[in-house]
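**Student:** Compact mmCIF, C-alpha atoms, file data37.txt:
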# COMPACT_ATOMS: atom_id res chain seq x y z
CA MET A 880 -27.59 -29.06 -22.90
CA ALA A 881 -27.25 -28.67 -19.13
CA SER A 882 -27.37 -25.16 -17.74
CA PRO A 883 -24.37 -23.99 -15.72
CA ASP A 884 -24.55 -24.52 -12.01
CA PRO A 885 -24.91 -21.04 -10.46
CA SER A 886 -23.40 -22.31 -7.21
CA ALA A 887 -20.22 -23.54 -8.90
CA ARG A 888 -17.12 -21.62 -7.82
CA PRO A 889 -15.14 -19.74 -10.47
CA PRO A 890 -11.77 -21.21 -11.50
CA SER A 891 -8.78 -20.21 -9.40
CA VAL A 892 -6.65 -17.31 -10.61
CA PHE A 893 -3.62 -19.35 -9.49
CA ARG A 894 -3.93 -21.55 -12.58
CA HIS A 895 -2.09 -18.77 -14.47
CA ARG A 896 1.67 -19.44 -14.23
CA ASP A 897 2.87 -15.83 -14.25
CA PHE A 898 0.27 -14.81 -11.69
CA ARG A 899 1.52 -17.54 -9.32
CA ILE A 900 5.13 -16.46 -9.75
CA TYR A 901 4.23 -12.80 -9.30
CA GLN A 902 2.52 -13.61 -6.00
CA LEU A 903 5.66 -15.43 -4.78
CA ALA A 904 7.74 -12.40 -5.74
CA ARG A 905 5.33 -10.02 -3.98
CA LEU A 906 5.38 -12.23 -0.88
CA CYS A 907 9.18 -12.11 -0.66
CA ALA A 908 9.31 -8.38 -1.43
CA VAL A 909 6.77 -7.36 1.22
CA LEU A 910 8.30 -9.70 3.80
CA ALA A 911 11.65 -8.00 3.22
CA VAL A 912 10.20 -4.51 3.64
CA GLN A 913 8.27 -5.42 6.79
CA ILE A 914 11.27 -7.09 8.45
CA GLU A 915 13.36 -4.06 7.59
CA SER A 916 10.74 -1.63 8.92
CA VAL A 917 10.60 -3.29 12.34
CA ALA A 918 14.39 -3.18 12.61
CA ILE A 919 14.59 0.47 11.52
CA GLY A 920 11.84 1.60 13.90
CA TRP A 921 13.30 -0.11 16.96
CA GLN A 922 16.90 0.82 16.09
CA VAL A 923 16.13 4.52 15.46
CA TYR A 924 14.07 4.87 18.64
CA GLU A 925 16.76 3.03 20.64
CA LEU A 926 19.43 5.39 19.33
CA THR A 927 17.46 8.64 19.67
CA GLY A 928 14.53 8.14 22.07
CA SER A 929 12.70 10.67 19.89
CA ALA A 930 9.18 10.45 18.43
CA LEU A 931 10.16 13.06 15.84
CA ALA A 932 13.10 10.89 14.72
CA LEU A 933 10.59 8.11 14.01
CA GLY A 934 8.50 10.59 12.05
CA TYR A 935 11.51 11.48 9.92
CA THR A 936 11.79 7.84 8.79
CA GLY A 937 8.42 8.29 7.10
CA LEU A 938 9.31 11.71 5.68
CA ALA A 939 12.59 10.38 4.24
CA GLN A 940 10.62 7.80 2.24
CA PHE A 941 7.78 10.11 1.25
CA LEU A 942 9.71 13.05 -0.23
CA PRO A 943 11.53 11.12 -3.00
CA PHE A 944 8.43 9.01 -3.61
CA PHE A 945 6.35 12.15 -4.08
CA ALA A 946 9.02 13.75 -6.28
CA PHE A 947 9.45 10.80 -8.67
CA CYS A 948 6.16 8.89 -8.59
CA LEU A 949 4.60 10.70 -11.57
CA ILE A 950 7.75 10.05 -13.59
CA GLY A 951 7.57 6.43 -12.45
CA GLY A 952 4.04 6.20 -13.80
CA GLN A 953 5.16 7.68 -17.11
CA VAL A 954 8.00 5.17 -17.33
CA ALA A 955 5.64 2.29 -16.44
CA ASP A 956 3.53 3.17 -19.51
CA ARG A 957 6.59 3.16 -21.81
CA VAL A 958 8.96 0.45 -20.57
CA ASP A 959 8.48 -3.26 -19.92
CA ARG A 960 6.97 -3.27 -16.42
CA ARG A 961 8.72 -6.52 -15.53
CA LEU A 962 12.11 -4.92 -16.20
CA ILE A 963 11.21 -1.95 -14.01
CA LEU A 964 10.29 -4.28 -11.14
CA VAL A 965 13.59 -6.17 -11.43
CA VAL A 966 15.74 -3.02 -11.43
CA CYS A 967 13.86 -1.47 -8.51
CA GLN A 968 14.13 -4.65 -6.50
CA LEU A 969 17.90 -4.66 -7.05
CA VAL A 970 18.01 -1.13 -5.60
CA MET A 971 15.98 -2.32 -2.60
CA LEU A 972 18.48 -5.15 -2.13
CA LEU A 973 21.23 -2.52 -2.07
CA CYS A 974 19.28 -0.63 0.63
CA SER A 975 19.17 -3.74 2.83
CA LEU A 976 22.91 -4.21 2.43
CA LEU A 977 23.57 -0.56 3.31
CA LEU A 978 21.49 -0.87 6.47
CA LEU A 979 23.45 -4.02 7.33
CA SER A 980 26.68 -2.05 6.94
CA PHE A 981 25.23 0.66 9.21
CA THR A 982 24.77 -1.93 11.94
CA LEU A 983 28.03 -3.84 11.44
CA GLY A 984 29.96 -0.55 11.35
CA HIS A 985 28.38 0.55 14.67
CA ILE A 986 27.37 3.89 13.09
CA GLN A 987 25.43 6.06 15.55
CA ASP A 988 24.30 8.84 13.20
CA VAL A 989 20.71 8.05 12.12
CA ARG A 990 21.06 10.41 9.17
CA PHE A 991 22.70 7.44 7.44
CA VAL A 992 19.40 5.55 7.85
CA TYR A 993 17.45 8.51 6.48
CA GLY A 994 19.73 8.58 3.43
CA VAL A 995 19.09 4.89 2.75
CA LEU A 996 15.36 5.48 3.11
CA VAL A 997 15.55 8.27 0.53
CA LEU A 998 17.08 5.77 -1.91
CA PHE A 999 14.40 3.24 -1.01
CA GLY A 1000 11.62 5.80 -1.54
CA THR A 1001 13.05 6.65 -4.96
CA ALA A 1002 13.01 3.00 -6.01
CA ARG A 1003 9.47 2.59 -4.73
CA ALA A 1004 8.37 5.57 -6.82
CA PHE A 1005 9.10 3.49 -9.94
CA TYR A 1006 8.24 0.09 -8.47
CA SER A 1007 4.71 0.89 -7.29
CA PRO A 1008 3.15 2.15 -10.57
CA ALA A 1009 4.70 -0.72 -12.53
CA GLY A 1010 3.52 -3.26 -9.96
CA SER A 1011 -0.06 -1.98 -9.92
CA ALA A 1012 -0.20 -1.85 -13.74
CA ILE A 1013 1.16 -5.35 -14.42
CA THR A 1014 -1.68 -7.32 -12.78
CA PRO A 1015 -4.15 -6.96 -15.71
CA HIS A 1016 -1.54 -8.67 -17.94
CA LEU A 1017 -1.42 -11.75 -15.70
CA VAL A 1018 -5.12 -12.74 -15.64
CA PRO A 1019 -8.15 -12.42 -17.98
CA PRO A 1020 -10.26 -9.25 -17.51
CA GLU A 1021 -13.18 -11.14 -15.95
CA GLU A 1022 -10.87 -12.40 -13.17
CA LEU A 1023 -9.37 -9.03 -12.32
CA THR A 1024 -11.40 -8.34 -9.16
CA ARG A 1025 -10.38 -11.68 -7.64
CA ALA A 1026 -6.77 -11.08 -8.72
CA ILE A 1027 -6.80 -7.73 -6.90
CA ALA A 1028 -8.15 -9.43 -3.78
CA VAL A 1029 -5.41 -12.08 -4.04
CA ASN A 1030 -2.82 -9.31 -4.44
CA SER A 1031 -4.13 -7.77 -1.24
CA THR A 1032 -4.16 -11.16 0.50
CA THR A 1033 -0.53 -11.79 -0.42
CA TRP A 1034 0.43 -8.35 0.83
CA GLN A 1035 -1.47 -8.84 4.07
CA VAL A 1036 -0.06 -12.31 4.72
CA ALA A 1037 3.45 -10.93 4.28
CA THR A 1038 2.58 -7.96 6.48
CA ILE A 1039 1.41 -10.34 9.19
CA ALA A 1040 4.44 -12.60 9.02
CA GLY A 1041 7.05 -9.94 8.24
CA PRO A 1042 6.88 -7.88 11.46
CA ALA A 1043 6.63 -11.03 13.58
CA VAL A 1044 9.68 -12.52 11.85
CA GLY A 1045 11.46 -9.16 12.02
CA GLY A 1046 10.78 -8.83 15.74
CA ALA A 1047 11.96 -12.38 16.38
CA LEU A 1048 15.12 -11.87 14.31
CA TYR A 1049 15.85 -8.59 16.09
CA ALA A 1050 15.33 -10.19 19.51
CA TRP A 1051 17.55 -13.15 18.53
CA ALA A 1052 20.35 -11.59 16.47
CA GLY A 1053 19.79 -7.83 16.67
CA ALA A 1054 19.47 -5.56 13.67
CA THR A 1055 22.14 -7.62 11.89
CA GLY A 1056 19.87 -10.68 11.74
CA ALA A 1057 16.92 -8.62 10.53
CA TYR A 1058 18.87 -6.95 7.70
CA VAL A 1059 20.42 -10.25 6.57
CA GLY A 1060 16.93 -11.74 6.37
CA SER A 1061 15.65 -8.72 4.44
CA ALA A 1062 18.53 -8.86 1.95
CA THR A 1063 18.00 -12.58 1.36
CA LEU A 1064 14.32 -12.06 0.58
CA CYS A 1065 15.12 -9.17 -1.78
CA ALA A 1066 17.48 -11.45 -3.71
CA LEU A 1067 14.77 -14.13 -3.96
CA THR A 1068 12.34 -11.51 -5.29
CA VAL A 1069 14.75 -10.65 -8.10
CA VAL A 1070 14.95 -14.34 -9.04
CA TRP A 1071 11.16 -14.72 -9.17
CA MET A 1072 10.71 -11.50 -11.18
CA LEU A 1073 13.29 -12.62 -13.74
CA SER A 1074 11.37 -15.87 -14.25
CA LEU A 1075 8.17 -14.08 -15.35
CA LYS A 1076 7.38 -14.68 -19.02
CA VAL A 1077 5.02 -11.73 -19.44
CA ARG A 1078 6.35 -8.80 -21.50
CA THR A 1079 4.21 -5.69 -21.34
CA GLY A 1080 6.20 -3.59 -23.81
CA SER A 1081 5.16 0.03 -24.34
CA ALA A 1082 1.49 0.69 -23.58
CA SER A 1083 1.61 4.36 -24.54
CA SER A 1084 2.88 5.96 -27.73
CA GLU A 1085 2.54 9.53 -26.47
CA SER A 1086 5.72 11.58 -26.30
CA PHE A 1087 7.15 12.41 -22.89
CA SER A 1088 5.92 15.87 -21.85
CA LEU A 1089 4.48 17.78 -18.92
CA GLU A 1090 1.02 17.23 -20.40
CA THR A 1091 1.37 13.45 -20.50
CA LEU A 1092 3.08 13.50 -17.09
CA LEU A 1093 -0.02 15.12 -15.57
CA ALA A 1094 -2.50 13.03 -17.56
CA GLY A 1095 -3.06 10.72 -14.59
CA PHE A 1096 -4.17 13.66 -12.43
CA ARG A 1097 -6.55 14.87 -15.14
CA PHE A 1098 -8.02 11.40 -15.53
CA VAL A 1099 -8.60 10.99 -11.79
CA ARG A 1100 -10.08 14.50 -11.48
CA ARG A 1101 -12.63 13.73 -14.22
CA GLN A 1102 -13.58 10.37 -12.70
CA ARG A 1103 -15.48 11.38 -9.56
CA LEU A 1104 -15.62 7.84 -8.19
CA LEU A 1105 -11.84 7.52 -8.40
CA LEU A 1106 -11.28 11.01 -6.99
CA GLY A 1107 -13.56 10.37 -4.02
CA SER A 1108 -12.22 6.92 -3.17
CA ILE A 1109 -8.55 7.87 -3.48
CA THR A 1110 -8.81 11.10 -1.46
CA LEU A 1111 -10.95 9.40 1.21
CA ASP A 1112 -8.14 6.93 1.82
CA LEU A 1113 -5.53 9.70 1.62
CA PHE A 1114 -6.94 11.88 4.40
CA ALA A 1115 -8.36 9.08 6.56
CA VAL A 1116 -5.01 7.27 6.86
CA LEU A 1117 -2.97 10.51 6.90
CA LEU A 1118 -4.79 11.45 10.10
CA GLY A 1119 -5.49 8.01 11.57
CA GLY A 1120 -2.26 6.16 10.85
CA ALA A 1121 -0.35 5.16 13.98
CA VAL A 1122 2.35 2.85 12.60
CA ALA A 1123 5.24 5.25 13.24
CA LEU A 1124 4.37 5.41 16.94
CA LEU A 1125 4.22 1.65 17.51
CA PRO A 1126 7.81 1.51 18.88
CA ILE A 1127 6.78 4.10 21.49
CA TYR A 1128 3.61 2.19 22.36
CA ALA A 1129 5.54 -1.08 22.55
CA ARG A 1130 8.25 0.20 24.88
CA ASP A 1131 6.69 3.05 26.88
CA VAL A 1132 2.90 2.46 26.89
CA LEU A 1133 2.44 -1.32 26.69
CA HIS A 1134 5.88 -2.14 28.19
CA THR A 1135 6.89 -4.90 25.77
CA GLY A 1136 9.97 -5.49 23.59
CA PRO A 1137 10.86 -6.02 19.91
CA GLY A 1138 8.72 -9.15 19.84
CA GLY A 1139 5.72 -7.16 21.06
CA LEU A 1140 6.41 -4.51 18.45
CA GLY A 1141 6.37 -7.18 15.77
CA LEU A 1142 3.03 -8.41 17.09
CA LEU A 1143 1.55 -4.91 17.01
CA ARG A 1144 2.77 -4.33 13.46
CA SER A 1145 1.35 -7.68 12.36
CA ALA A 1146 -2.11 -7.10 13.84
CA PRO A 1147 -3.57 -4.75 11.18
CA ALA A 1148 -2.46 -7.11 8.43
CA ALA A 1149 -3.99 -10.09 10.24
CA GLY A 1150 -7.40 -8.41 10.27
CA ALA A 1151 -7.00 -7.27 6.68
CA ALA A 1152 -5.95 -10.74 5.52
CA VAL A 1153 -9.16 -12.30 6.84
CA VAL A 1154 -11.22 -9.81 4.82
CA ALA A 1155 -9.00 -10.15 1.73
CA LEU A 1156 -9.29 -13.95 1.78
CA PHE A 1157 -13.07 -13.64 2.00
CA LEU A 1158 -13.20 -11.19 -0.92
CA ALA A 1159 -10.81 -13.32 -3.00
CA THR A 1160 -13.37 -16.14 -3.10
CA ARG A 1161 -16.68 -14.25 -2.92
CA PRO A 1162 -18.05 -11.17 -4.67
CA LEU A 1163 -18.18 -7.93 -2.72
CA GLY A 1164 -21.94 -7.66 -3.30
CA GLY A 1165 -24.15 -4.58 -3.51
CA ARG A 1166 -24.05 -1.21 -1.74
CA ALA A 1167 -20.30 -1.07 -2.21
CA GLY A 1168 -20.21 2.70 -1.68
CA TRP A 1169 -21.80 2.55 1.76
CA LYS A 1170 -19.60 -0.40 2.64
CA MET A 1171 -16.56 1.73 1.83
CA PHE A 1172 -17.62 4.60 4.10
CA ILE A 1173 -18.62 2.27 6.94
CA SER A 1174 -15.32 0.38 6.70
CA VAL A 1175 -13.27 3.59 6.92
CA ALA A 1176 -15.35 4.67 9.93
CA ILE A 1177 -14.59 1.30 11.56
CA PHE A 1178 -10.89 1.98 10.90
CA GLY A 1179 -11.20 5.30 12.73
CA VAL A 1180 -13.06 3.89 15.75
CA ALA A 1181 -10.65 0.96 16.09
CA THR A 1182 -7.68 3.34 15.95
CA LEU A 1183 -9.29 5.40 18.71
CA VAL A 1184 -9.62 2.28 20.88
CA PHE A 1185 -5.97 1.42 20.25
CA GLY A 1186 -4.93 4.95 21.16
CA VAL A 1187 -6.42 4.78 24.66
CA SER A 1188 -5.64 1.09 25.35
CA ARG A 1189 -3.11 0.08 27.98
CA SER A 1190 -3.56 -3.66 27.36
CA LEU A 1191 -1.46 -5.51 24.78
CA PRO A 1192 -4.25 -7.99 23.85
CA LEU A 1193 -6.82 -5.18 23.43
CA SER A 1194 -4.35 -3.14 21.39
CA VAL A 1195 -3.69 -6.09 19.09
CA VAL A 1196 -7.44 -6.69 18.58
CA ALA A 1197 -8.08 -2.99 17.91
CA LEU A 1198 -5.32 -2.85 15.29
CA ALA A 1199 -6.65 -6.04 13.67
CA VAL A 1200 -10.13 -4.52 13.39
CA ALA A 1201 -8.63 -1.35 11.93
CA GLY A 1202 -6.82 -3.42 9.30
CA ALA A 1203 -10.01 -5.31 8.44
CA GLY A 1204 -11.91 -2.07 7.91
CA ASP A 1205 -9.16 -0.61 5.77
CA MET A 1206 -9.04 -3.69 3.52
CA VAL A 1207 -12.63 -3.26 2.30
CA SER A 1208 -11.73 0.26 1.17
CA VAL A 1209 -8.54 -0.99 -0.50
CA VAL A 1210 -10.35 -3.60 -2.61
CA ILE A 1211 -13.12 -1.21 -3.70
CA ARG A 1212 -10.65 1.52 -4.59
CA GLY A 1213 -8.34 -0.91 -6.42
CA THR A 1214 -11.19 -2.34 -8.48
CA LEU A 1215 -12.46 1.11 -9.42
CA GLU A 1216 -8.95 2.13 -10.48
CA LEU A 1217 -8.05 -0.84 -12.67
CA VAL A 1218 -11.46 -1.43 -14.25
CA SER A 1219 -12.05 2.20 -15.19
CA THR A 1220 -8.54 2.92 -16.49
CA PRO A 1221 -7.31 2.04 -20.02
CA ASP A 1222 -4.04 0.09 -20.19
CA ASP A 1223 -2.04 2.97 -21.69
CA MET A 1224 -2.99 5.10 -18.65
CA ARG A 1225 -2.67 2.52 -15.87
CA GLY A 1226 0.90 3.41 -14.97
CA ARG A 1227 0.13 7.12 -14.62
CA VAL A 1228 -3.18 6.65 -12.81
CA GLY A 1229 -1.49 4.06 -10.58
CA ALA A 1230 1.20 6.65 -9.85
CA VAL A 1231 -1.43 9.15 -8.70
CA ASN A 1232 -2.96 6.50 -6.45
CA MET A 1233 0.46 5.50 -5.10
CA MET A 1234 1.31 9.16 -4.41
CA CYS A 1235 -1.84 9.41 -2.30
CA VAL A 1236 -1.12 6.10 -0.57
CA GLY A 1237 2.46 7.26 0.07
CA ALA A 1238 1.20 10.57 1.43
CA SER A 1239 -1.26 8.83 3.72
CA ASN A 1240 1.30 6.30 5.00
CA GLU A 1241 4.75 7.91 5.08
CA LEU A 1242 3.60 11.52 5.46
CA GLY A 1243 1.11 10.25 8.01
CA GLU A 1244 4.03 8.74 9.95
CA PHE A 1245 5.72 12.14 9.99
CA ARG A 1246 2.46 13.79 11.09
CA ALA A 1247 2.09 11.28 13.92
CA GLY A 1248 5.71 11.68 15.02
CA ALA A 1249 5.60 15.49 14.93
CA PHE A 1250 2.35 15.59 16.91
CA ALA A 1251 3.66 13.05 19.42
CA GLU A 1252 6.78 15.13 19.98
CA HIS A 1253 4.61 18.04 21.16
CA ILE A 1254 1.44 16.51 22.64
CA GLY A 1255 2.49 12.92 23.38
CA ALA A 1256 1.97 9.65 21.52
CA VAL A 1257 -1.47 8.85 22.99
CA SER A 1258 -2.90 12.29 22.27
CA SER A 1259 -1.50 12.14 18.73
CA VAL A 1260 -3.24 8.83 17.97
CA VAL A 1261 -6.55 9.89 19.56
CA ALA A 1262 -6.63 13.22 17.72
CA GLY A 1263 -5.83 11.50 14.43
CA ALA A 1264 -8.58 8.90 14.90
CA LEU A 1265 -11.16 11.61 15.58
CA GLY A 1266 -9.95 13.42 12.46
CA THR A 1267 -10.53 10.25 10.42
CA LEU A 1268 -14.18 10.10 11.55
CA VAL A 1269 -14.64 13.74 10.55
CA VAL A 1270 -13.20 12.96 7.11
CA VAL A 1271 -15.66 10.09 6.61
CA GLY A 1272 -18.60 12.41 7.29
CA LEU A 1273 -17.30 15.15 5.01
CA TRP A 1274 -16.57 12.78 2.10
CA ALA A 1275 -19.97 11.07 2.42
CA TRP A 1276 -21.50 14.52 1.96
CA ALA A 1277 -19.14 15.75 -0.77
CA PHE A 1278 -19.24 12.59 -2.94
CA PRO A 1279 -22.87 11.41 -3.06
CA GLU A 1280 -22.13 9.41 -6.23
CA LEU A 1281 -19.64 7.33 -4.23
CA ARG A 1282 -22.31 6.59 -1.62
CA GLN A 1283 -24.64 5.44 -4.41
CA VAL A 1284 -22.23 2.86 -5.87
CA ASP A 1285 -23.85 -0.57 -5.82
CA ASP A 1286 -21.89 -2.94 -8.09
CA VAL A 1287 -18.34 -1.61 -8.03
CA GLU A 1288 -17.26 -3.01 -11.42
CA ARG A 1289 -20.33 -1.72 -13.28
CA ALA A 1290 -20.01 1.68 -11.59
CA ALA A 1291 -16.39 1.95 -12.70
CA ARG A 1292 -17.22 1.09 -16.32
CA GLU A 1293 -20.29 3.33 -16.58
CA PRO A 1294 -19.66 6.96 -15.51
CA LEU A 1295 -22.59 8.55 -13.74
CA PRO A 1296 -24.60 11.24 -15.60
CA GLY A 1297 -22.86 14.57 -15.37
CA ASP A 1298 -19.39 13.10 -14.92
CA GLY A 1299 -16.74 14.07 -17.39
CA ALA A 1300 -16.13 11.39 -20.00
CA PRO A 1301 -12.79 9.66 -19.69
CA GLU A 1302 -10.07 10.90 -21.96
CA THR A 1303 -9.72 7.50 -23.59
CA ALA A 1304 -12.01 4.51 -23.83
CA VAL A 1305 -11.70 1.67 -21.35
CA ALA A 1306 -9.45 -0.98 -22.81
CA SER A 1307 -10.46 -4.61 -22.59
CA ASP A 1308 -6.95 -6.08 -22.43
Do you think you could lay out the structure here as structure tokens?
**Tutor:**
Amino acid sequence: MASPDPSARPPSVFRHRDFRIYQLARLCAVLAVQIESVAIGWQVYELTGSALALGYTGLAQFLPFFAFCLIGGQVADRVDRRLILVVCQLVMLLCSLLLLSFTLGHIQDVRFVYGVLVLFGTARAFYSPAGSAITPHLVPPEELTRAIAVNSTTWQVATIAGPAVGGALYAWAGATGAYVGSATLCALTVVWMLSLKVRTGSASSESFSLETLLAGFRFVRRQRLLLGSITLDLFAVLLGGAVALLPIYARDVLHTGPGGLGLLRSAPAAGAAVVALFLATRPLGGRAGWKMFISVAIFGVATLVFGVSRSLPLSVVALAVAGAGDMVSVVIRGTLELVSTPDDMRGRVGAVNMMCVGASNELGEFRAGAFAEHIGAVSSVVAGALGTLVVVGLWAWAFPELRQVDDVERAAREPLPGDGAPETAVASD
């Protein structure tokens, strides 16, 4: 009997029908959000000329997301996750149509936009935990790491194309064209989600209570690797994120238009997509913990370069490098989360992770906007980037077990000595 060829590549995760369809749905969904985000950022800054007004767009999404995300995780562990995704996507379609009405009605009060973003943030609070928890049902357990990398690749590809398409649509047909495109993609997402055959059912039989609602926090707190990786991303991006200020950089610092803004927003995803494609076909390899810290440090340095740049090409390259560094951290954290979490807890643990991601992104946008209002956009980005580098040093010291991670999947399955045992055994799906 011939021995297996060690150089042979593993079979593609795209051979699974539902996984293919889910990636198409994710592609359309993220494209819609990115197109919409470019239009909102340029439109709000055009109407107000205020950095703080841009910060409020992040805060309007974060507050409802923070308020409902734990409940969303609880629901994701009790209701068919496919159904949750369909309903939430219908709400997001409604948001696109409301923003279209804002433009067609020539409404000048940006509080209307903030209200729509509150609705969007509420839908995302239920969408995100269900989306992160459904992936293990689409592929076999041994293919989960590659599936996570493909998930990230799909997201990054859409995040590259979405802002560029959004900027082009805005330059060609104004906000109306951008919102029509976003609504069309939301409708396509609903169609793809409805065609999924997977039915997750109820993964948890526990009654709804405050104790079960907070179970995800308890699980993360007892898993030091999860706690360290999630909070590292939380504070690094909370301080170093500069997305909210890109309209200011595009118009006032780099002196470009909506097309240039789309290019800037696409750049981080372009860098991240290259890394995600590499990790989708090759294993991450050893010393994963050090790779995570180094990649977040690269994110901070690249953000610092962007902050002081006055050249559009250099700014684009710096943002691309920042996105590449961030992607390594995303894949390691995502693998640790899904491999170490039993299925009946994935919705709630995913909700905790999504709350931290939401805090780092949307609350980070508010932080950047508020700082920029008082000290200027450039000073806000530079200060945040330096803060990110400080966070990397502090977390490398506070979480030595995270530095010592070699094989990320084995580390997630085998808690280090002295760690609290997980509340439930790891399920094998």
**Student:** Write out as a PDB file with C-alpha atoms, keeping the file's coordinate frame each polymer residue whose atoms come within 9 Å of A:Leu977, counting all atoms listed in the file; drop sequence neighbours fewer than 5 positions from it.
**Tutor:**
ATOM      1  CA  LEU A 972      18.480  -5.150  -2.130  1.00  0.00           C
ATOM      2  CA  THR A 982      24.770  -1.930  11.940  1.00  0.00           C
ATOM      3  CA  VAL A 992      19.400   5.550   7.850  1.00  0.00           C
ATOM      4  CA  VAL A 995      19.090   4.890   2.750  1.00  0.00           C
TER       5      VAL A 995
END
**Student:** How far is it from atom CA of A:Gly1107 to atom CA of A:Arg1225, in Å with one decimal?
**Tutor:**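 Result for atom CA of A:Gly1107 versus atom CA of A:Arg1225: 17.9 Å, one decimal.
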**Student:** Measuring between all atoms listed in the file, which one of A:Ser1208, A:Gln1035, A:Gln913, A:Asn1240 shows the shortest distance to A:Ile1177?
**Tutor:** A:Ser1208
**Student:** Which residues are near A:Ala1203? Cut-off 6 Å, only C-alpha atoms, ignore same chain within fewer than 6 positions. Put them as an MDAnalysis selection string.
**Tutor:** chainID A and resid 1150:1151 1154
**Student:** Counting only C-alpha atoms, which residue out of A:Ala1155, A:Arg1101, A:Gly1056, A:Arg1025 sits closest to A:Pro890?
**Tutor:**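 Once distances to A:Pro890 are computed over only C-alpha atoms, the minimum belongs to A:Arg1025.
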**Student:** Pull the neighbourhood of (7.6, -8.4, 17.0) for me: all residues within 9 Å in file coordinates, counting all atoms listed in the file, as a CSV table (one decimal) with C-alpha atoms, keeping the file's coordinate frame.
**Tutor:**
chain,number,residue,atom,x,y,z
A,917,VAL,CA,10.6,-3.3,12.3
A,1041,GLY,CA,7.0,-9.9,8.2
A,1042,PRO,CA,6.9,-7.9,11.5
A,1043,ALA,CA,6.6,-11.0,13.6
A,1044,VAL,CA,9.7,-12.5,11.8
A,1045,GLY,CA,11.5,-9.2,12.0
A,1046,GLY,CA,10.8,-8.8,15.7
A,1047,ALA,CA,12.0,-12.4,16.4
A,1048,LEU,CA,15.1,-11.9,14.3
A,1049,TYR,CA,15.8,-8.6,16.1
A,1050,ALA,CA,15.3,-10.2,19.5
A,1136,GLY,CA,10.0,-5.5,23.6
A,1137,PRO,CA,10.9,-6.0,19.9
A,1138,GLY,CA,8.7,-9.2,19.8
A,1139,GLY,CA,5.7,-7.2,21.1
A,1140,LEU,CA,6.4,-4.5,18.4
A,1141,GLY,CA,6.4,-7.2,15.8
A,1142,LEU,CA,3.0,-8.4,17.1
A,1143,LEU,CA,1.6,-4.9,17.0
A,1144,ARG,CA,2.8,-4.3,13.5
A,1145,SER,CA,1.4,-7.7,12.4
**Student:** Considering only C-alpha atoms, tabulate each residue of stretch 1173-1216 of chain A that lies at most 8 Å from stretch 1120-1135 of chain A along with its nearest interatomic pair and the corresponding distance in Å to one decimal; arrange the rows by chain and ascending residue number and present them as a tab-separated table.
**Tutor:**
residue	atom	partner	partner_atom	distance
A:Thr1182	CA	A:Ala1121	CA	7.8
A:Arg1189	CA	A:Leu1133	CA	5.9
A:Ser1190	CA	A:Leu1133	CA	6.5
A:Leu1191	CA	A:Leu1133	CA	6.0
**Student:** Please work out which residues fall within 10 Å of (8.2, -2.9, -7.0), coordinates as given in the file, with all atoms listed in the file counting, and return them as a list in words.
**Tutor:** Ala904, Arg905, Ala908, Val909, Arg960, Arg961, Ile963, Leu964, Val965, Val966, Cys967, Gln968, Leu969, Met971, Ala1002, Arg1003, Ala1004, Phe1005, Tyr1006, Ser1007, Pro1008, Ala1009, Gly1010, Ser1011, Thr1068 and Met1072 of chain A
**Student:** Determine the nearest neighbour of A:Phe1245 from the options A:Val1207, A:Val1184, A:Leu1118, A:Ala918, counting all atoms listed in the file.
**Tutor:**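 Comparing A:Val1207, A:Val1184, A:Leu1118, A:Ala918 against A:Phe1245, the winner is A:Leu1118.
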